[in-house]
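The file query_7.cif comes next; it holds mmCIF, N, CA and C atoms.
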data_data
loop_
_atom_site.label_atom_id
_atom_site.label_comp_id
_atom_site.auth_asym_id
_atom_site.auth_seq_id
_atom_site.Cartn_x
_atom_site.Cartn_y
_atom_site.Cartn_z
N MET A 1 0.82 -1.20 0.00
CA MET A 1 0.00 0.00 0.00
C MET A 1 0.86 1.26 0.00
N MET A 2 1.96 1.22 0.74
CA MET A 2 2.86 2.37 0.82
C MET A 2 3.46 2.67 -0.55
N LYS A 3 3.82 1.62 -1.28
CA LYS A 3 4.40 1.78 -2.61
C LYS A 3 3.41 2.45 -3.55
N PHE A 4 2.14 2.05 -3.46
CA PHE A 4 1.10 2.63 -4.28
C PHE A 4 0.95 4.12 -3.98
N SER A 5 0.98 4.50 -2.72
CA SER A 5 0.85 5.91 -2.31
C SER A 5 1.99 6.75 -2.87
N LYS A 6 3.19 6.20 -2.85
CA LYS A 6 4.34 6.92 -3.40
C LYS A 6 4.17 7.16 -4.90
N HIS A 7 3.66 6.15 -5.59
CA HIS A 7 3.45 6.29 -7.03
C HIS A 7 2.38 7.32 -7.34
N VAL A 8 1.31 7.30 -6.58
CA VAL A 8 0.23 8.28 -6.78
C VAL A 8 0.75 9.68 -6.51
N PHE A 9 1.49 9.85 -5.43
CA PHE A 9 2.07 11.15 -5.10
C PHE A 9 3.00 11.62 -6.22
N PHE A 10 3.84 10.73 -6.73
CA PHE A 10 4.77 11.07 -7.81
C PHE A 10 4.02 11.49 -9.07
N VAL A 11 2.96 10.79 -9.41
CA VAL A 11 2.16 11.12 -10.59
C VAL A 11 1.49 12.49 -10.42
N ILE A 12 0.98 12.77 -9.23
CA ILE A 12 0.35 14.07 -8.98
C ILE A 12 1.37 15.19 -9.10
N ILE A 13 2.55 15.01 -8.56
CA ILE A 13 3.60 16.03 -8.66
C ILE A 13 3.97 16.27 -10.13
N LEU A 14 4.13 15.22 -10.90
CA LEU A 14 4.45 15.38 -12.33
C LEU A 14 3.34 16.11 -13.06
N ALA A 15 2.10 15.79 -12.74
CA ALA A 15 0.97 16.47 -13.39
C ALA A 15 0.96 17.95 -13.06
N LEU A 16 1.23 18.29 -11.82
CA LEU A 16 1.28 19.70 -11.43
C LEU A 16 2.41 20.44 -12.12
N LEU A 17 3.56 19.80 -12.23
CA LEU A 17 4.69 20.43 -12.92
C LEU A 17 4.39 20.67 -14.39
N ALA A 18 3.58 19.82 -14.98
CA ALA A 18 3.22 19.98 -16.38
C ALA A 18 2.16 21.05 -16.58
N VAL A 19 1.25 21.22 -15.62
CA VAL A 19 0.12 22.13 -15.77
C VAL A 19 0.43 23.54 -15.27
N VAL A 20 1.14 23.68 -14.19
CA VAL A 20 1.38 24.99 -13.58
C VAL A 20 2.03 25.99 -14.52
N PRO A 21 3.04 25.63 -15.33
CA PRO A 21 3.62 26.64 -16.24
C PRO A 21 2.61 27.22 -17.22
N ALA A 22 1.59 26.47 -17.57
CA ALA A 22 0.57 26.97 -18.49
C ALA A 22 -0.21 28.12 -17.87
N PHE A 23 -0.25 28.17 -16.56
CA PHE A 23 -0.98 29.23 -15.87
C PHE A 23 -0.08 30.38 -15.46
N ALA A 24 1.19 30.33 -15.78
CA ALA A 24 2.12 31.37 -15.35
C ALA A 24 1.76 32.73 -15.95
N LYS A 25 1.38 32.77 -17.20
CA LYS A 25 1.00 34.02 -17.86
C LYS A 25 -0.34 33.80 -18.54
N PRO A 26 -1.43 33.96 -17.81
CA PRO A 26 -2.73 33.73 -18.43
C PRO A 26 -2.94 34.64 -19.63
N GLY A 27 -3.43 34.07 -20.70
CA GLY A 27 -3.72 34.86 -21.88
C GLY A 27 -2.62 34.85 -22.92
N PHE A 28 -1.40 34.49 -22.52
CA PHE A 28 -0.30 34.46 -23.48
C PHE A 28 -0.20 33.07 -24.09
N ILE A 29 0.18 33.03 -25.37
CA ILE A 29 0.22 31.77 -26.10
C ILE A 29 1.35 31.79 -27.11
N ASN A 30 1.91 30.63 -27.35
CA ASN A 30 2.87 30.42 -28.42
C ASN A 30 2.24 29.46 -29.41
N LEU A 31 2.24 29.83 -30.67
CA LEU A 31 1.62 29.02 -31.71
C LEU A 31 2.61 28.75 -32.83
N LYS A 32 2.53 27.57 -33.38
CA LYS A 32 3.24 27.25 -34.61
C LYS A 32 2.18 26.66 -35.52
N GLY A 33 2.02 27.28 -36.68
CA GLY A 33 0.98 26.78 -37.56
C GLY A 33 1.16 27.18 -39.00
N GLU A 34 0.34 26.57 -39.83
CA GLU A 34 0.33 26.83 -41.26
C GLU A 34 -0.70 27.90 -41.58
N VAL A 35 -0.33 28.84 -42.43
CA VAL A 35 -1.23 29.91 -42.83
C VAL A 35 -2.31 29.33 -43.75
N LEU A 36 -3.56 29.48 -43.31
CA LEU A 36 -4.70 29.03 -44.13
C LEU A 36 -5.30 30.17 -44.93
N GLU A 37 -5.23 31.39 -44.35
CA GLU A 37 -5.88 32.54 -44.96
C GLU A 37 -5.15 33.82 -44.56
N LEU A 38 -5.05 34.74 -45.49
CA LEU A 38 -4.46 36.06 -45.26
C LEU A 38 -5.52 37.13 -45.45
N ASP A 39 -5.56 38.11 -44.55
CA ASP A 39 -6.50 39.22 -44.68
C ASP A 39 -5.74 40.52 -44.46
N GLU A 40 -5.30 41.12 -45.55
CA GLU A 40 -4.52 42.35 -45.47
C GLU A 40 -5.33 43.51 -44.91
N ALA A 41 -6.63 43.52 -45.12
CA ALA A 41 -7.47 44.62 -44.64
C ALA A 41 -7.47 44.70 -43.12
N THR A 42 -7.46 43.53 -42.45
CA THR A 42 -7.47 43.52 -40.99
C THR A 42 -6.11 43.15 -40.39
N LEU A 43 -5.09 43.02 -41.25
CA LEU A 43 -3.74 42.60 -40.83
C LEU A 43 -3.79 41.31 -40.02
N SER A 44 -4.55 40.33 -40.52
CA SER A 44 -4.68 39.08 -39.79
C SER A 44 -4.43 37.88 -40.69
N VAL A 45 -4.04 36.79 -40.05
CA VAL A 45 -3.89 35.51 -40.73
C VAL A 45 -4.64 34.46 -39.92
N THR A 46 -5.09 33.44 -40.60
CA THR A 46 -5.67 32.29 -39.92
C THR A 46 -4.64 31.18 -39.96
N LEU A 47 -4.27 30.68 -38.77
CA LEU A 47 -3.28 29.62 -38.66
C LEU A 47 -3.95 28.33 -38.22
N GLU A 48 -3.44 27.21 -38.73
CA GLU A 48 -3.86 25.90 -38.26
C GLU A 48 -2.65 25.20 -37.65
N THR A 49 -2.80 24.77 -36.39
CA THR A 49 -1.71 24.08 -35.71
C THR A 49 -1.69 22.62 -36.13
N HIS A 50 -0.64 21.92 -35.72
CA HIS A 50 -0.54 20.49 -36.04
C HIS A 50 -1.63 19.68 -35.34
N LYS A 51 -2.27 20.25 -34.32
CA LYS A 51 -3.37 19.58 -33.63
C LYS A 51 -4.70 19.82 -34.32
N GLY A 52 -4.69 20.60 -35.39
CA GLY A 52 -5.92 20.88 -36.13
C GLY A 52 -6.71 22.06 -35.59
N GLU A 53 -6.15 22.79 -34.60
CA GLU A 53 -6.81 23.97 -34.06
C GLU A 53 -6.55 25.15 -34.98
N THR A 54 -7.53 26.02 -35.14
CA THR A 54 -7.33 27.22 -35.95
C THR A 54 -7.42 28.45 -35.07
N PHE A 55 -6.57 29.42 -35.38
CA PHE A 55 -6.51 30.68 -34.65
C PHE A 55 -6.43 31.83 -35.64
N VAL A 56 -7.18 32.90 -35.36
CA VAL A 56 -7.03 34.13 -36.12
C VAL A 56 -6.02 34.97 -35.37
N VAL A 57 -4.95 35.35 -36.06
CA VAL A 57 -3.85 36.08 -35.45
C VAL A 57 -3.81 37.49 -36.04
N ILE A 58 -3.91 38.49 -35.18
CA ILE A 58 -3.76 39.89 -35.60
C ILE A 58 -2.27 40.18 -35.58
N MET A 59 -1.74 40.47 -36.76
CA MET A 59 -0.30 40.64 -36.92
C MET A 59 0.14 42.06 -36.55
N PRO A 60 1.41 42.21 -36.14
CA PRO A 60 1.95 43.55 -35.93
C PRO A 60 1.97 44.33 -37.24
N GLU A 61 1.85 45.65 -37.16
CA GLU A 61 1.83 46.48 -38.37
C GLU A 61 3.12 46.40 -39.16
N THR A 62 4.18 45.94 -38.54
CA THR A 62 5.48 45.86 -39.21
C THR A 62 5.60 44.66 -40.15
N VAL A 63 4.65 43.74 -40.09
CA VAL A 63 4.71 42.55 -40.94
C VAL A 63 4.38 42.93 -42.39
N ASP A 64 5.23 42.49 -43.31
CA ASP A 64 5.03 42.74 -44.74
C ASP A 64 4.23 41.58 -45.33
N PHE A 65 2.94 41.82 -45.59
CA PHE A 65 2.06 40.77 -46.09
C PHE A 65 2.46 40.29 -47.48
N THR A 66 3.20 41.08 -48.22
CA THR A 66 3.60 40.64 -49.56
C THR A 66 4.57 39.46 -49.49
N LEU A 67 5.18 39.24 -48.34
CA LEU A 67 6.12 38.13 -48.18
C LEU A 67 5.44 36.84 -47.73
N LEU A 68 4.19 36.95 -47.26
CA LEU A 68 3.48 35.79 -46.75
C LEU A 68 2.61 35.15 -47.82
N GLU A 69 2.48 33.83 -47.74
CA GLU A 69 1.62 33.09 -48.65
C GLU A 69 0.85 32.04 -47.86
N VAL A 70 -0.31 31.67 -48.38
CA VAL A 70 -1.04 30.55 -47.81
C VAL A 70 -0.13 29.32 -47.89
N GLY A 71 -0.04 28.59 -46.79
CA GLY A 71 0.82 27.40 -46.74
C GLY A 71 2.12 27.63 -46.00
N ASP A 72 2.51 28.90 -45.78
CA ASP A 72 3.72 29.20 -45.01
C ASP A 72 3.53 28.77 -43.56
N THR A 73 4.63 28.48 -42.90
CA THR A 73 4.59 28.12 -41.49
C THR A 73 5.13 29.27 -40.66
N LEU A 74 4.36 29.67 -39.63
CA LEU A 74 4.73 30.78 -38.76
C LEU A 74 4.79 30.32 -37.31
N LEU A 75 5.68 30.96 -36.57
CA LEU A 75 5.75 30.81 -35.12
C LEU A 75 5.32 32.14 -34.54
N VAL A 76 4.28 32.14 -33.70
CA VAL A 76 3.67 33.37 -33.20
C VAL A 76 3.66 33.35 -31.68
N LYS A 77 4.07 34.47 -31.09
CA LYS A 77 3.96 34.67 -29.65
C LYS A 77 3.01 35.84 -29.46
N GLY A 78 1.95 35.64 -28.67
CA GLY A 78 0.99 36.72 -28.51
C GLY A 78 0.06 36.50 -27.34
N GLU A 79 -0.96 37.35 -27.29
CA GLU A 79 -1.92 37.31 -26.20
C GLU A 79 -3.31 37.03 -26.75
N VAL A 80 -4.00 36.07 -26.14
CA VAL A 80 -5.35 35.73 -26.55
C VAL A 80 -6.30 36.82 -26.05
N GLN A 81 -7.10 37.35 -26.96
CA GLN A 81 -8.05 38.41 -26.64
C GLN A 81 -9.39 37.81 -26.22
N GLU A 82 -10.27 38.64 -25.69
CA GLU A 82 -11.58 38.16 -25.23
C GLU A 82 -12.40 37.52 -26.35
N ASP A 83 -12.22 38.00 -27.59
CA ASP A 83 -12.98 37.43 -28.71
C ASP A 83 -12.35 36.17 -29.29
N GLY A 84 -11.22 35.72 -28.69
CA GLY A 84 -10.57 34.50 -29.13
C GLY A 84 -9.45 34.70 -30.13
N THR A 85 -9.31 35.91 -30.67
CA THR A 85 -8.20 36.18 -31.58
C THR A 85 -6.91 36.29 -30.78
N VAL A 86 -5.80 36.17 -31.47
CA VAL A 86 -4.49 36.29 -30.85
C VAL A 86 -3.84 37.57 -31.36
N LEU A 87 -3.48 38.47 -30.45
CA LEU A 87 -2.77 39.69 -30.78
C LEU A 87 -1.28 39.38 -30.71
N ALA A 88 -0.64 39.30 -31.87
CA ALA A 88 0.75 38.86 -31.94
C ALA A 88 1.72 39.93 -31.45
N ASP A 89 2.65 39.52 -30.60
CA ASP A 89 3.76 40.38 -30.19
C ASP A 89 4.96 40.14 -31.09
N ARG A 90 5.19 38.86 -31.39
CA ARG A 90 6.32 38.47 -32.23
C ARG A 90 5.86 37.43 -33.23
N VAL A 91 6.41 37.53 -34.44
CA VAL A 91 6.09 36.57 -35.49
C VAL A 91 7.40 36.16 -36.15
N MET A 92 7.59 34.85 -36.29
CA MET A 92 8.78 34.34 -36.97
C MET A 92 8.33 33.44 -38.11
N TRP A 93 8.86 33.70 -39.28
CA TRP A 93 8.56 32.89 -40.45
C TRP A 93 9.45 31.65 -40.38
N ILE A 94 8.84 30.47 -40.40
CA ILE A 94 9.59 29.22 -40.27
C ILE A 94 9.90 28.61 -41.63
N GLY A 95 8.93 28.63 -42.54
CA GLY A 95 9.17 28.03 -43.84
C GLY A 95 8.05 28.31 -44.81
N ALA A 96 8.39 28.18 -46.08
CA ALA A 96 7.42 28.42 -47.14
C ALA A 96 6.67 27.15 -47.47
N LYS A 97 5.55 27.31 -48.16
CA LYS A 97 4.68 26.21 -48.54
C LYS A 97 5.47 25.16 -49.32
N ASN A 98 6.31 25.59 -50.23
CA ASN A 98 7.04 24.66 -51.09
C ASN A 98 8.47 24.45 -50.62
N ASP A 99 8.77 24.78 -49.37
CA ASP A 99 10.12 24.66 -48.84
C ASP A 99 10.42 23.20 -48.54
N ASP A 100 11.40 22.64 -49.26
CA ASP A 100 11.76 21.24 -49.03
C ASP A 100 13.00 21.12 -48.16
N GLY A 101 13.44 22.25 -47.58
CA GLY A 101 14.59 22.23 -46.69
C GLY A 101 15.91 22.32 -47.43
N ALA A 102 15.88 22.36 -48.76
CA ALA A 102 17.11 22.39 -49.54
C ALA A 102 17.65 23.80 -49.69
N GLY A 103 16.91 24.80 -49.29
CA GLY A 103 17.37 26.18 -49.41
C GLY A 103 16.92 26.79 -50.71
N ASP A 104 17.07 28.09 -50.78
CA ASP A 104 16.66 28.82 -51.96
C ASP A 104 17.86 29.00 -52.88
N ASP A 105 17.80 28.40 -54.05
CA ASP A 105 18.93 28.54 -54.98
C ASP A 105 18.53 29.35 -56.20
N THR A 106 17.68 30.38 -55.95
CA THR A 106 17.26 31.23 -57.05
C THR A 106 18.18 32.41 -57.26
N GLY A 107 19.10 32.63 -56.39
CA GLY A 107 19.89 33.82 -56.59
C GLY A 107 21.22 33.71 -56.05
#
Using the file provided, produce a representation of the structure as structure tokens.
Amino acid sequence: MMKFSKHVFFVIILALLAVVPAFAKPGFINLKGEVLELDEATLSVTLETHKGETFVVIMPETVDFTLLEVGDTLLVKGEVQEDGTVLADRVMWIGAKNDDGAGDDTG
């Protein structure tokens, strides 16, 4: 019985260690996803994560939409708003739709 209690305690501690960091900054989120849709009028993109979740991300005004394409992969750090959109603080372009990892040899 004592061995069982130790295992249960250990599992609970591990679960808390996994969950507590998620609550450290409520509202903040890191996303990695594929661009499904671009909306230059609202400076937003719709991203789909590898889990199949979709998020509308309001991009910073400094982002050049002419460089983005549907299918690109972005890494976004931002804050979830009350309406469910994500207000991006930082955006990193990870790869293009047709990027096979071989690099760009066009120039």
Quick check on the file I pasted: which residues fall under the PyMOL selection byres (((chain A and resi 83 and name CA) around 12) and name CA)? Write them as a VMD selection string. chain A and resid 27 55 to 58 79 to 82 84 to 87
Saved selection, atoms kept: N, CA and C atoms, as a PDB file, in the coordinates of the input:
ATOM      1  N   GLY A  27      -3.430  34.070 -20.700  1.00  0.00           N
ATOM      2  CA  GLY A  27      -3.720  34.860 -21.880  1.00  0.00           C
ATOM      3  C   GLY A  27      -2.620  34.850 -22.920  1.00  0.00           C
ATOM      4  N   PHE A  55      -6.570  29.420 -35.380  1.00  0.00           N
ATOM      5  CA  PHE A  55      -6.510  30.680 -34.650  1.00  0.00           C
ATOM      6  C   PHE A  55      -6.430  31.830 -35.640  1.00  0.00           C
ATOM      7  N   VAL A  56      -7.180  32.900 -35.360  1.00  0.00           N
ATOM      8  CA  VAL A  56      -7.030  34.130 -36.120  1.00  0.00           C
ATOM      9  C   VAL A  56      -6.020  34.970 -35.370  1.00  0.00           C
ATOM     10  N   VAL A  57      -4.950  35.350 -36.060  1.00  0.00           N
ATOM     11  CA  VAL A  57      -3.850  36.080 -35.450  1.00  0.00           C
ATOM     12  C   VAL A  57      -3.810  37.490 -36.040  1.00  0.00           C
ATOM     13  N   ILE A  58      -3.910  38.490 -35.180  1.00  0.00           N
ATOM     14  CA  ILE A  58      -3.760  39.890 -35.600  1.00  0.00           C
ATOM     15  C   ILE A  58      -2.270  40.180 -35.580  1.00  0.00           C
ATOM     16  N   GLU A  79      -0.960  37.350 -27.290  1.00  0.00           N
ATOM     17  CA  GLU A  79      -1.920  37.310 -26.200  1.00  0.00           C
ATOM     18  C   GLU A  79      -3.310  37.030 -26.750  1.00  0.00           C
ATOM     19  N   VAL A  80      -4.000  36.070 -26.140  1.00  0.00           N
ATOM     20  CA  VAL A  80      -5.350  35.730 -26.550  1.00  0.00           C
ATOM     21  C   VAL A  80      -6.300  36.820 -26.050  1.00  0.00           C
ATOM     22  N   GLN A  81      -7.100  37.350 -26.960  1.00  0.00           N
ATOM     23  CA  GLN A  81      -8.050  38.410 -26.640  1.00  0.00           C
ATOM     24  C   GLN A  81      -9.390  37.810 -26.220  1.00  0.00           C
ATOM     25  N   GLU A  82     -10.270  38.640 -25.690  1.00  0.00           N
ATOM     26  CA  GLU A  82     -11.580  38.160 -25.230  1.00  0.00           C
ATOM     27  C   GLU A  82     -12.400  37.520 -26.350  1.00  0.00           C
ATOM     28  N   GLY A  84     -11.220  35.720 -28.690  1.00  0.00           N
ATOM     29  CA  GLY A  84     -10.570  34.500 -29.130  1.00  0.00           C
ATOM     30  C   GLY A  84      -9.450  34.700 -30.130  1.00  0.00           C
ATOM     31  N   THR A  85      -9.310  35.910 -30.670  1.00  0.00           N
ATOM     32  CA  THR A  85      -8.200  36.180 -31.580  1.00  0.00           C
ATOM     33  C   THR A  85      -6.910  36.290 -30.780  1.00  0.00           C
ATOM     34  N   VAL A  86      -5.800  36.170 -31.470  1.00  0.00           N
ATOM     35  CA  VAL A  86      -4.490  36.290 -30.850  1.00  0.00           C
ATOM     36  C   VAL A  86      -3.840  37.570 -31.360  1.00  0.00           C
ATOM     37  N   LEU A  87      -3.480  38.470 -30.450  1.00  0.00           N
ATOM     38  CA  LEU A  87      -2.770  39.690 -30.780  1.00  0.00           C
ATOM     39  C   LEU A  87      -1.280  39.380 -30.710  1.00  0.00           C
TER      40      LEU A  87
END
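With only C-alpha atoms as the atoms that count, the residue of A:Ala96, A:Glu34, A:Asp89, A:Val63 with the shortest distance to A:Thr49 is A:Glu34.
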Option closest in space to A:Lys77, from A:Ile29, A:Leu43, A:Ile94, A:Leu38 [counting all atoms listed in the file]: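 Between A:Ile29, A:Leu43, A:Ile94, A:Leu38, the residue approaching A:Lys77 most closely is A:Ile29.
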Nearest-residue call for A:Leu75, choices A:Leu31, A:Leu47, A:Ala41, A:Leu36, using only C-alpha atoms: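 Checking each of A:Leu31, A:Leu47, A:Ala41, A:Leu36 against A:Leu75, counting only C-alpha atoms, the winner is A:Leu31.
Computed from the coordinates, the atom CA of A:Val91 to atom CA of A:Gly78 distance equals 8.6 Å.
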One number please: atom N of A:Glu53 to atom N of A:Val35, in Å, one decimal. 11.5 Å
Given only N, CA and C atoms as the basis, pick out the residue of A:Ala88, A:Glu48, A:Gly95, A:Val76 nearest to A:Pro60. A:Ala88
When you get a chance, write out all heavy atoms for stretch 81-92 of chain A, as a compact mmCIF listing (two decimals), in the coordinates of the input.
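Below is the file that was written, out_39.txt:
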# COMPACT_ATOMS: atom_id res chain seq x y z
N GLN A 81 -7.10 37.35 -26.96
CA GLN A 81 -8.05 38.41 -26.64
C GLN A 81 -9.39 37.81 -26.22
O GLN A 81 -9.62 36.61 -26.37
CB GLN A 81 -8.25 39.32 -27.86
CG GLN A 81 -6.96 39.90 -28.41
CD GLN A 81 -6.27 40.81 -27.41
OE1 GLN A 81 -6.80 41.84 -27.05
NE2 GLN A 81 -5.08 40.41 -26.96
N GLU A 82 -10.27 38.64 -25.69
CA GLU A 82 -11.58 38.16 -25.23
C GLU A 82 -12.40 37.52 -26.35
O GLU A 82 -13.18 36.61 -26.11
CB GLU A 82 -12.36 39.31 -24.60
CG GLU A 82 -11.83 39.73 -23.25
CD GLU A 82 -12.67 40.82 -22.61
OE1 GLU A 82 -13.81 41.06 -23.05
OE2 GLU A 82 -12.17 41.44 -21.66
N ASP A 83 -12.22 38.00 -27.59
CA ASP A 83 -12.98 37.43 -28.71
C ASP A 83 -12.35 36.17 -29.29
O ASP A 83 -12.83 35.60 -30.25
CB ASP A 83 -13.18 38.48 -29.80
CG ASP A 83 -11.88 38.94 -30.44
OD1 ASP A 83 -10.80 38.49 -30.02
OD2 ASP A 83 -11.94 39.78 -31.35
N GLY A 84 -11.22 35.72 -28.69
CA GLY A 84 -10.57 34.50 -29.13
C GLY A 84 -9.45 34.70 -30.13
O GLY A 84 -8.71 33.76 -30.43
N THR A 85 -9.31 35.91 -30.67
CA THR A 85 -8.20 36.18 -31.58
C THR A 85 -6.91 36.29 -30.78
O THR A 85 -6.92 36.48 -29.56
CB THR A 85 -8.42 37.48 -32.38
OG1 THR A 85 -8.52 38.57 -31.47
CG2 THR A 85 -9.66 37.41 -33.25
N VAL A 86 -5.80 36.17 -31.47
CA VAL A 86 -4.49 36.29 -30.85
C VAL A 86 -3.84 37.57 -31.36
O VAL A 86 -3.68 37.75 -32.56
CB VAL A 86 -3.60 35.07 -31.17
CG1 VAL A 86 -2.21 35.25 -30.59
CG2 VAL A 86 -4.24 33.79 -30.67
N LEU A 87 -3.48 38.47 -30.45
CA LEU A 87 -2.77 39.69 -30.78
C LEU A 87 -1.28 39.38 -30.71
O LEU A 87 -0.72 39.18 -29.63
CB LEU A 87 -3.15 40.82 -29.82
CG LEU A 87 -2.53 42.17 -30.09
CD1 LEU A 87 -2.93 42.68 -31.48
CD2 LEU A 87 -2.97 43.16 -29.02
N ALA A 88 -0.64 39.30 -31.87
CA ALA A 88 0.75 38.86 -31.94
C ALA A 88 1.72 39.93 -31.45
O ALA A 88 1.61 41.10 -31.84
CB ALA A 88 1.10 38.47 -33.37
N ASP A 89 2.65 39.52 -30.60
CA ASP A 89 3.76 40.38 -30.19
C ASP A 89 4.96 40.14 -31.09
O ASP A 89 5.65 41.07 -31.48
CB ASP A 89 4.18 40.07 -28.74
CG ASP A 89 3.13 40.49 -27.74
OD1 ASP A 89 2.41 41.46 -27.98
OD2 ASP A 89 3.04 39.82 -26.69
N ARG A 90 5.19 38.86 -31.39
CA ARG A 90 6.32 38.47 -32.23
C ARG A 90 5.86 37.43 -33.23
O ARG A 90 5.08 36.55 -32.92
CB ARG A 90 7.44 37.86 -31.38
CG ARG A 90 8.06 38.84 -30.44
CD ARG A 90 9.20 38.21 -29.72
NE ARG A 90 9.76 39.18 -28.78
CZ ARG A 90 10.67 38.90 -27.90
NH1 ARG A 90 11.15 37.68 -27.84
NH2 ARG A 90 11.12 39.82 -27.08
N VAL A 91 6.41 37.53 -34.44
CA VAL A 91 6.09 36.57 -35.49
C VAL A 91 7.40 36.16 -36.15
O VAL A 91 8.22 37.01 -36.50
CB VAL A 91 5.15 37.19 -36.55
CG1 VAL A 91 4.87 36.19 -37.67
CG2 VAL A 91 3.85 37.66 -35.91
N MET A 92 7.59 34.85 -36.29
CA MET A 92 8.78 34.34 -36.97
C MET A 92 8.33 33.44 -38.11
O MET A 92 7.51 32.54 -37.92
CB MET A 92 9.66 33.55 -36.01
CG MET A 92 10.95 33.09 -36.66
SD MET A 92 11.96 32.00 -35.61
CE MET A 92 12.17 32.95 -34.16
